[in-house]
Amino acid sequence: MLGFDPGEDRKLADWPTLVRYYQALAKASDRIRYHELGHTTLGAPFVALAISSPQNLRLLDRYRELNAKLADPRAKRPQDVEEALRSGKAIVLITSGIHSNEVGGHLTPALLAYRLASDTGAATRAILDNVILWLVPSLNPDGVTIVANWYGRTLGTPAEGTDPPELYHAYAGHDNNRDWYAFTQVETQLVVDSIHNVWHPQIVHDIHQQDSDGSRLFLPPYLDPIEPNVDPLLVDGVNALGTAMAWELAGEGKTGIAINAIYDAWTPARAYQHYHGGVRILSEAASANLASPVDVPFEQLATRARGFNPRERSWNFSHPWPGGRWALRDIVTYQTDGAYALLQNAGRYRDRWLANFLAVGSRAVRGWRGWPYAYVIPRQHQDSIGLVTLLGILHRGQVEIRTALHPIALGAQRFPAGSYVVVLRQPYAAFAKTLLEPQRYPDLRLYPGGPPLPPYDVTAHTLPLLMGVTAVPAHDSLRIALSSPVEPPSASPSSAGFAGPEAPRVGLYRSYAAAIDEGWTRWVFDTWKVPYTSIVDSVVRAGKLRATFDVIVLPDQSPHELLDGVRASTPPRPRAAWARTA
Ligand SMILES: [Zn+2]
């Protein structure tokens, strides 16, 4: 189907080719079912594969129902819960390729699916019997094609192995993996709505790549800080499973594996599952130059990384990699064997994964000591777009939202009947609390009295602060009746002031050095139906902009990028797939 063996040097496939491959694989195997969940930003099919034993696949609906009993243990009969524990399967979601220049992630799912479809050994049969795997072979199918086309065009030129000079997600670029609490992009919505919220996986494995000069592979445990609303059992599960995978891979002779390094677990922007009963197993393999091999002598490895030294052995980096050639084959081998080790663990410890999953849900519906009883979100005097956006996010995250049937008194504050109430005794209370309370990022220092330790990533995700909405914690029971869970109203974009002949003519500058903020700005304009024209350098150089535009928007971008653009060796870029004007 592909015309090459995935992992061969300098060979990539575009998305239509991979889709044909997965369709053919599902047709040839009774262990694989092919599904299309919807369409991407640019209209490509968004694919998910269900992989398990043929018997399990025939009973998929039954296993989904059993798992749902453990996900929300409220009002379930004890014998039903026991049956779900006894007969249920471990539900695993493996996702790949969200960052499209991490190209091993485009091919590893093909190798993994093929291995699970064709291998007749006892280890694979045990996985298929005990695990239902949902495999999303690309979280960003549009980017698979963007990168494959760019790589093909530049092969054999000085630009071989460079990143394409356009965003590999049309709106969000690399930020597509910061969307797991805002759900702005259609790809995020498809995975949350069709897999997370339906199948409630106990284990979610997301396959990434990192720089070339550090560890060959990162696996959890994560570094501190761990966001404090994540159930401790999930943290324990992450630590146990990541370490078990590293141990398995080391036993196979692989070196250069770092655990408890670089990556923290603070933000829900990357970790929907940490608030929905699942563990997040991130893997980060060292990169080559896209599909072109690199040579990394030992002396060129970094001497410092967060939590370890790539040239020195330590408890969390037990066997340094000796340096040398590093190729796509190495990447897909580490990734495929890592995912296989994860599946083996899921199958072998099915009982423990299900029991812990039930415990996390049970603790959430009982409520955690020290947590507020509820958050009250008044309707009055609030920006309605911000309010409905916030409620929509909570609702999509399966948080139950109720309304007060009577006025609420909290100390001196009074809120009218009809105010929204989120009670923090429900399966996904942690998601609500994390997004409604102000963050307190810990004051971490390099050493006592020393400079601050910079955080890995974004540190704040309080929706009321981001959206200008009031949400008030109620520490005790409200002692009033509440409605059943309600559907929040939906935000309806209106283009008042931006349409018609009187509307300003808006231009949005698009640099040849692709800026993520330019993508986000287009997303805002498209979402709110603001007409605009993209302005590229040739248009700016031609001048007379006043004749064509009333307003020019410059995205947030470094002066260096604006002035110097891309490297001179970069070939002329193709017309962007989303481009609406010349
Ligand atoms: Zn990545």
# chains A, B, ... in the order shown; residues from 1 in each chain; ligands from 1

call {"tool": "residues_around", "arguments": {"residues": "A:Pro220", "least_positions_apart": "2", "cutoff": "8 Å", "atoms": "only C-alpha atoms", "output": "ChimeraX atom specification"}}
result
/A:218,222,238-239,241-243,259-261,281-283

call {"tool": "write_last_selection", "arguments": {"atoms": "all heavy atoms", "output": "compact mmCIF listing (two decimals), in the first residue's frame"}}
result
# COMPACT_ATOMS: atom_id res chain seq x y z
N PHE A 218 11.84 10.06 26.14
CA PHE A 218 11.34 10.42 27.47
C PHE A 218 10.07 9.62 27.73
O PHE A 218 9.22 9.46 26.84
CB PHE A 218 11.00 11.91 27.57
CG PHE A 218 10.05 12.20 28.71
CD1 PHE A 218 10.53 12.33 30.02
CD2 PHE A 218 8.68 12.27 28.51
CE1 PHE A 218 9.66 12.53 31.08
CE2 PHE A 218 7.80 12.47 29.56
CZ PHE A 218 8.28 12.61 30.85
N TYR A 222 6.42 12.42 35.36
CA TYR A 222 6.68 13.81 35.03
C TYR A 222 7.44 14.45 36.17
O TYR A 222 7.50 13.95 37.29
CB TYR A 222 5.35 14.56 34.83
CG TYR A 222 4.52 13.99 33.70
CD1 TYR A 222 3.36 13.27 33.95
CD2 TYR A 222 4.92 14.17 32.37
CE1 TYR A 222 2.62 12.73 32.91
CE2 TYR A 222 4.17 13.64 31.33
CZ TYR A 222 3.03 12.92 31.60
OH TYR A 222 2.31 12.39 30.57
N VAL A 238 0.42 6.95 36.35
CA VAL A 238 1.39 7.50 35.39
C VAL A 238 2.80 7.04 35.75
O VAL A 238 3.56 6.56 34.90
CB VAL A 238 1.32 9.05 35.39
CG1 VAL A 238 2.52 9.64 34.65
CG2 VAL A 238 0.03 9.55 34.77
N ASN A 239 3.14 7.17 37.04
CA ASN A 239 4.49 6.81 37.48
C ASN A 239 4.78 5.33 37.25
O ASN A 239 5.85 4.95 36.75
CB ASN A 239 4.67 7.13 38.97
CG ASN A 239 4.56 8.62 39.26
OD1 ASN A 239 4.58 9.44 38.34
ND2 ASN A 239 4.46 8.98 40.52
N LEU A 241 3.22 3.13 35.19
CA LEU A 241 3.19 2.68 33.79
C LEU A 241 4.38 3.21 33.00
O LEU A 241 5.01 2.47 32.22
CB LEU A 241 1.86 3.11 33.15
CG LEU A 241 1.65 2.74 31.68
CD1 LEU A 241 1.95 1.28 31.40
CD2 LEU A 241 0.22 3.07 31.25
N GLY A 242 4.71 4.49 33.17
CA GLY A 242 5.86 5.04 32.45
C GLY A 242 7.14 4.30 32.81
O GLY A 242 7.95 3.96 31.94
N THR A 243 7.30 4.04 34.11
CA THR A 243 8.50 3.34 34.56
C THR A 243 8.54 1.91 34.04
O THR A 243 9.58 1.41 33.63
CB THR A 243 8.56 3.36 36.11
OG1 THR A 243 8.36 4.69 36.55
CG2 THR A 243 9.90 2.86 36.62
N ILE A 259 13.47 9.15 32.41
CA ILE A 259 12.17 9.32 33.07
C ILE A 259 12.30 10.47 34.07
O ILE A 259 13.41 10.88 34.40
CB ILE A 259 11.70 8.02 33.79
CG1 ILE A 259 12.70 7.61 34.87
CG2 ILE A 259 11.51 6.89 32.78
CD1 ILE A 259 12.20 6.49 35.76
N ASN A 260 11.16 10.98 34.53
CA ASN A 260 11.15 12.07 35.51
C ASN A 260 12.08 13.21 35.07
O ASN A 260 12.98 13.64 35.79
CB ASN A 260 11.58 11.53 36.90
CG ASN A 260 11.29 12.53 38.00
OD1 ASN A 260 12.16 12.88 38.79
ND2 ASN A 260 10.07 13.01 38.07
N ALA A 261 11.83 13.72 33.88
CA ALA A 261 12.68 14.76 33.31
C ALA A 261 11.82 15.70 32.44
O ALA A 261 10.74 15.32 31.98
CB ALA A 261 13.76 14.13 32.45
N ILE A 281 0.16 9.19 29.28
CA ILE A 281 1.53 8.73 29.06
C ILE A 281 2.06 9.42 27.81
O ILE A 281 1.75 9.03 26.68
CB ILE A 281 1.60 7.20 28.91
CG1 ILE A 281 1.03 6.50 30.16
CG2 ILE A 281 3.05 6.76 28.65
CD1 ILE A 281 1.81 6.73 31.44
N LEU A 282 2.84 10.45 28.03
CA LEU A 282 3.52 11.15 26.95
C LEU A 282 4.80 10.39 26.62
O LEU A 282 5.50 9.95 27.53
CB LEU A 282 3.87 12.56 27.42
CG LEU A 282 4.84 13.39 26.57
CD1 LEU A 282 4.17 13.84 25.28
CD2 LEU A 282 5.34 14.60 27.37
N SER A 283 5.10 10.21 25.33
CA SER A 283 6.46 9.76 24.99
C SER A 283 7.05 10.77 24.03
O SER A 283 6.34 11.37 23.22
CB SER A 283 6.45 8.36 24.37
OG SER A 283 5.99 8.38 23.04

call {"tool": "closest_atom_pairs", "arguments": {"of": "chain A", "to": "ligand 1", "cutoff": "8 Å", "atoms": "only C-alpha atoms and all ligand atoms", "output": "Markdown table"}}
result
| residue | atom | partner | partner_atom_place_in_ligand_line | distance |
| --- | --- | --- | --- | --- |
| A:Gly97 | CA | ligand 1 | 1 (Zn) | 7.8 |
| A:Ile98 | CA | ligand 1 | 1 (Zn) | 6.7 |
| A:His99 | CA | ligand 1 | 1 (Zn) | 4.9 |
| A:Glu102 | CA | ligand 1 | 1 (Zn) | 6.5 |
| A:His174 | CA | ligand 1 | 1 (Zn) | 7.7 |
| A:Asn177 | CA | ligand 1 | 1 (Zn) | 7.7 |
| A:Ile207 | CA | ligand 1 | 1 (Zn) | 7.6 |
| A:His208 | CA | ligand 1 | 1 (Zn) | 4.4 |
| A:Gln209 | CA | ligand 1 | 1 (Zn) | 5.4 |
| A:Gln210 | CA | ligand 1 | 1 (Zn) | 6.7 |
| A:Glu284 | CA | ligand 1 | 1 (Zn) | 7.3 |

call {"tool": "closest_residue", "arguments": {"among": "A:Tyr151, A:Tyr168, A:Trp368, A:Phe317", "to": "A:Pro232", "atoms": "only C-alpha atoms"}}
result
A:Trp368

call {"tool": "select_by_dssp", "arguments": {"residues": "stretch 169-406 of chain A", "states": "strand (DSSP E)", "output": "PyMOL selection string"}}
result
chain A and resi 203-210+217-219+223-226+257-259+264-265+279-286+294-296+324-326+374-377+402-403

call {"tool": "closest_residue", "arguments": {"among": "A:Leu233, A:Val539, A:Val131, A:Val186", "to": "A:Ala355", "atoms": "only C-alpha atoms"}}
result
A:Leu233

call {"tool": "residues_around", "arguments": {"residues": "A:Leu446", "least_positions_apart": "4", "cutoff": "12 Å", "atoms": "only C-alpha atoms", "output": "PyMOL selection string"}}
result
chain A and resi 306-307+450-455

call {"tool": "residues_around", "arguments": {"residues": "stretch 181-183 of chain A", "least_positions_apart": "3", "cutoff": "12 Å", "atoms": "only C-alpha atoms", "output": "NGL selection string"}}
result
:A and (172 or 175-178 or 186-193 or 267-276 or 389-398 or 431-432 or 434-436 or 460-463 or 466-467)

call {"tool": "residues_around", "arguments": {"residues": "A:Asp550", "least_positions_apart": "6", "cutoff": "12 Å", "atoms": "only C-alpha atoms", "output": "list in words"}}
result
Glu502, Ala503, Pro504, Arg505, Val506, Gly507, Leu508, Tyr532, Thr533 and Lys544 of chain A

call {"tool": "residues_around", "arguments": {"residues": "A:Ala515", "least_positions_apart": "5", "cutoff": "10 Å", "atoms": "only C-alpha atoms", "output": "number ranges by chain"}}
result
A: 165-167, 172-174, 510, 520, 555-558, 561-562

call {"tool": "atom_distance", "arguments": {"atom1": "atom CA of A:Arg379", "atom2": "atom CA of A:Ala491"}}
result
14.3 Å

call {"tool": "atom_distance", "arguments": {"atom1": "atom CA of A:Ala327", "atom2": "atom CA of A:Ala288"}}
result
5.8 Å

call {"tool": "residues_around", "arguments": {"residues": "A:Ile408", "least_positions_apart": "3", "cutoff": "8 Å", "atoms": "only C-alpha atoms", "output": "ChimeraX atom specification"}}
result
/A:404,414-417,478,480

call {"tool": "closest_residue", "arguments": {"among": "A:Gly214, A:Gly3, A:Pro293, A:Pro78", "to": "A:Asn309", "atoms": "only C-alpha atoms"}}
result
A:Gly214

call {"tool": "closest_residue", "arguments": {"among": "A:Gln202, A:Thr145, A:Gln335, A:Thr154", "to": "A:Thr17", "atoms": "only C-alpha atoms"}}
result
A:Thr145

call {"tool": "select_by_dssp", "arguments": {"residues": "stretch 65-283 of chain A", "states": "alpha helix (DSSP H)", "output": "PyMOL selection string"}}
result
chain A and resi 65-71+78-87+104-118+122-130+141-154+186-191+197-199+232-251

call {"tool": "closest_atom_pairs", "arguments": {"of": "stretch 311-380 of chain A", "to": "stretch 248-254 of chain A", "cutoff": "9 Å", "atoms": "only C-alpha atoms", "output": "tab-separated table"}}
result
residue	atom	partner	partner_atom	distance
A:His319	CA	A:Ala250	CA	8.3
A:Trp321	CA	A:Lys254	CA	8.4
A:Tyr334	CA	A:Leu249	CA	7.9
A:Asp337	CA	A:Leu249	CA	7.1
A:Gly338	CA	A:Leu249	CA	6.8
A:Ala341	CA	A:Glu248	CA	6.6

call {"tool": "write_last_selection", "arguments": {"atoms": "C-alpha atoms", "output": "PDB file, in the first residue's frame"}}
result
ATOM      1  CA  HIS A 319      21.940   3.863  30.484  1.00  0.00           C
ATOM      2  CA  TRP A 321      23.038   6.454  24.573  1.00  0.00           C
ATOM      3  CA  TYR A 334      11.358   3.161  20.094  1.00  0.00           C
ATOM      4  CA  ASP A 337       7.937  -0.931  21.058  1.00  0.00           C
ATOM      5  CA  GLY A 338       6.995   1.651  23.695  1.00  0.00           C
ATOM      6  CA  ALA A 341       4.894  -2.303  26.173  1.00  0.00           C
TER       7      ALA A 341
END

call {"tool": "closest_residue", "arguments": {"among": "A:Thr403, A:Ser96, A:Asn356, A:Ser477", "to": "A:Trp371", "atoms": "only C-alpha atoms"}}
result
A:Ser477

call {"tool": "atom_distance", "arguments": {"atom1": "atom CA of A:Ser484", "atom2": "atom CA of A:Ile401"}}
result
8.2 Å

call {"tool": "closest_residue", "arguments": {"among": "A:Gln185, A:Ser511, A:Ser138, A:Thr548", "to": "A:Leu107", "atoms": "only C-alpha atoms"}}
result
A:Ser138

call {"tool": "decode", "arguments": {"residues": "stretch 232-244 of chain A", "atoms": "all heavy atoms", "output": "PDB file, in the first residue's frame"}}
result
ATOM      1  N   PRO A 232      -4.686  11.515  43.063  1.00  0.00           N
ATOM      2  CA  PRO A 232      -3.384  10.892  43.349  1.00  0.00           C
ATOM      3  C   PRO A 232      -3.211   9.520  42.693  1.00  0.00           C
ATOM      4  O   PRO A 232      -2.096   9.155  42.298  1.00  0.00           O
ATOM      5  CB  PRO A 232      -3.383  10.754  44.879  1.00  0.00           C
ATOM      6  CG  PRO A 232      -4.358  11.760  45.367  1.00  0.00           C
ATOM      7  CD  PRO A 232      -5.379  11.957  44.287  1.00  0.00           C
ATOM      8  N   LEU A 233      -4.297   8.769  42.565  1.00  0.00           N
ATOM      9  CA  LEU A 233      -4.174   7.440  41.947  1.00  0.00           C
ATOM     10  C   LEU A 233      -3.769   7.536  40.473  1.00  0.00           C
ATOM     11  O   LEU A 233      -3.117   6.632  39.944  1.00  0.00           O
ATOM     12  CB  LEU A 233      -5.504   6.694  42.041  1.00  0.00           C
ATOM     13  CG  LEU A 233      -5.636   5.608  43.091  1.00  0.00           C
ATOM     14  CD1 LEU A 233      -6.994   4.924  42.948  1.00  0.00           C
ATOM     15  CD2 LEU A 233      -4.519   4.586  43.010  1.00  0.00           C
ATOM     16  N   LEU A 234      -4.173   8.625  39.829  1.00  0.00           N
ATOM     17  CA  LEU A 234      -3.756   8.814  38.430  1.00  0.00           C
ATOM     18  C   LEU A 234      -2.266   9.141  38.372  1.00  0.00           C
ATOM     19  O   LEU A 234      -1.556   8.684  37.467  1.00  0.00           O
ATOM     20  CB  LEU A 234      -4.589   9.907  37.756  1.00  0.00           C
ATOM     21  CG  LEU A 234      -6.083   9.602  37.609  1.00  0.00           C
ATOM     22  CD1 LEU A 234      -6.789  10.764  36.913  1.00  0.00           C
ATOM     23  CD2 LEU A 234      -6.311   8.313  36.840  1.00  0.00           C
ATOM     24  N   VAL A 235      -1.802   9.935  39.324  1.00  0.00           N
ATOM     25  CA  VAL A 235      -0.362  10.235  39.372  1.00  0.00           C
ATOM     26  C   VAL A 235       0.416   8.935  39.597  1.00  0.00           C
ATOM     27  O   VAL A 235       1.411   8.659  38.914  1.00  0.00           O
ATOM     28  CB  VAL A 235      -0.056  11.256  40.482  1.00  0.00           C
ATOM     29  CG1 VAL A 235       1.433  11.571  40.527  1.00  0.00           C
ATOM     30  CG2 VAL A 235      -0.875  12.536  40.276  1.00  0.00           C
ATOM     31  N   ASP A 236      -0.069   8.116  40.516  1.00  0.00           N
ATOM     32  CA  ASP A 236       0.591   6.822  40.764  1.00  0.00           C
ATOM     33  C   ASP A 236       0.563   5.947  39.513  1.00  0.00           C
ATOM     34  O   ASP A 236       1.529   5.258  39.203  1.00  0.00           O
ATOM     35  CB  ASP A 236      -0.110   6.079  41.914  1.00  0.00           C
ATOM     36  CG  ASP A 236       0.004   6.821  43.239  1.00  0.00           C
ATOM     37  OD1 ASP A 236       0.975   7.586  43.405  1.00  0.00           O
ATOM     38  OD2 ASP A 236      -0.883   6.644  44.093  1.00  0.00           O
ATOM     39  N   GLY A 237      -0.552   5.972  38.807  1.00  0.00           N
ATOM     40  CA  GLY A 237      -0.674   5.169  37.590  1.00  0.00           C
ATOM     41  C   GLY A 237       0.293   5.628  36.506  1.00  0.00           C
ATOM     42  O   GLY A 237       0.919   4.808  35.821  1.00  0.00           O
ATOM     43  N   VAL A 238       0.417   6.949  36.348  1.00  0.00           N
ATOM     44  CA  VAL A 238       1.388   7.503  35.389  1.00  0.00           C
ATOM     45  C   VAL A 238       2.796   7.040  35.749  1.00  0.00           C
ATOM     46  O   VAL A 238       3.560   6.556  34.898  1.00  0.00           O
ATOM     47  CB  VAL A 238       1.324   9.052  35.391  1.00  0.00           C
ATOM     48  CG1 VAL A 238       2.518   9.642  34.650  1.00  0.00           C
ATOM     49  CG2 VAL A 238       0.025   9.547  34.771  1.00  0.00           C
ATOM     50  N   ASN A 239       3.137   7.167  37.038  1.00  0.00           N
ATOM     51  CA  ASN A 239       4.490   6.810  37.478  1.00  0.00           C
ATOM     52  C   ASN A 239       4.776   5.328  37.246  1.00  0.00           C
ATOM     53  O   ASN A 239       5.846   4.952  36.747  1.00  0.00           O
ATOM     54  CB  ASN A 239       4.665   7.129  38.972  1.00  0.00           C
ATOM     55  CG  ASN A 239       4.564   8.623  39.260  1.00  0.00           C
ATOM     56  OD1 ASN A 239       4.578   9.437  38.340  1.00  0.00           O
ATOM     57  ND2 ASN A 239       4.457   8.975  40.523  1.00  0.00           N
ATOM     58  N   ALA A 240       3.809   4.486  37.604  1.00  0.00           N
ATOM     59  CA  ALA A 240       4.022   3.034  37.482  1.00  0.00           C
ATOM     60  C   ALA A 240       4.126   2.624  36.015  1.00  0.00           C
ATOM     61  O   ALA A 240       5.028   1.862  35.634  1.00  0.00           O
ATOM     62  CB  ALA A 240       2.871   2.281  38.162  1.00  0.00           C
ATOM     63  N   LEU A 241       3.221   3.129  35.187  1.00  0.00           N
ATOM     64  CA  LEU A 241       3.188   2.678  33.793  1.00  0.00           C
ATOM     65  C   LEU A 241       4.379   3.214  32.996  1.00  0.00           C
ATOM     66  O   LEU A 241       5.008   2.472  32.225  1.00  0.00           O
ATOM     67  CB  LEU A 241       1.861   3.108  33.148  1.00  0.00           C
ATOM     68  CG  LEU A 241       1.649   2.743  31.678  1.00  0.00           C
ATOM     69  CD1 LEU A 241       1.948   1.280  31.403  1.00  0.00           C
ATOM     70  CD2 LEU A 241       0.221   3.074  31.250  1.00  0.00           C
ATOM     71  N   GLY A 242       4.710   4.488  33.174  1.00  0.00           N
ATOM     72  CA  GLY A 242       5.860   5.042  32.447  1.00  0.00           C
ATOM     73  C   GLY A 242       7.142   4.302  32.813  1.00  0.00           C
ATOM     74  O   GLY A 242       7.953   3.959  31.939  1.00  0.00           O
ATOM     75  N   THR A 243       7.302   4.036  34.109  1.00  0.00           N
ATOM     76  CA  THR A 243       8.504   3.345  34.563  1.00  0.00           C
ATOM     77  C   THR A 243       8.536   1.910  34.036  1.00  0.00           C
ATOM     78  O   THR A 243       9.579   1.406  33.626  1.00  0.00           O
ATOM     79  CB  THR A 243       8.560   3.356  36.106  1.00  0.00           C
ATOM     80  OG1 THR A 243       8.356   4.692  36.555  1.00  0.00           O
ATOM     81  CG2 THR A 243       9.897   2.860  36.618  1.00  0.00           C
ATOM     82  N   ALA A 244       7.368   1.263  34.017  1.00  0.00           N
ATOM     83  CA  ALA A 244       7.308  -0.115  33.508  1.00  0.00           C
ATOM     84  C   ALA A 244       7.668  -0.159  32.022  1.00  0.00           C
ATOM     85  O   ALA A 244       8.359  -1.076  31.571  1.00  0.00           O
ATOM     86  CB  ALA A 244       5.902  -0.687  33.728  1.00  0.00           C
TER      87      ALA A 244
END
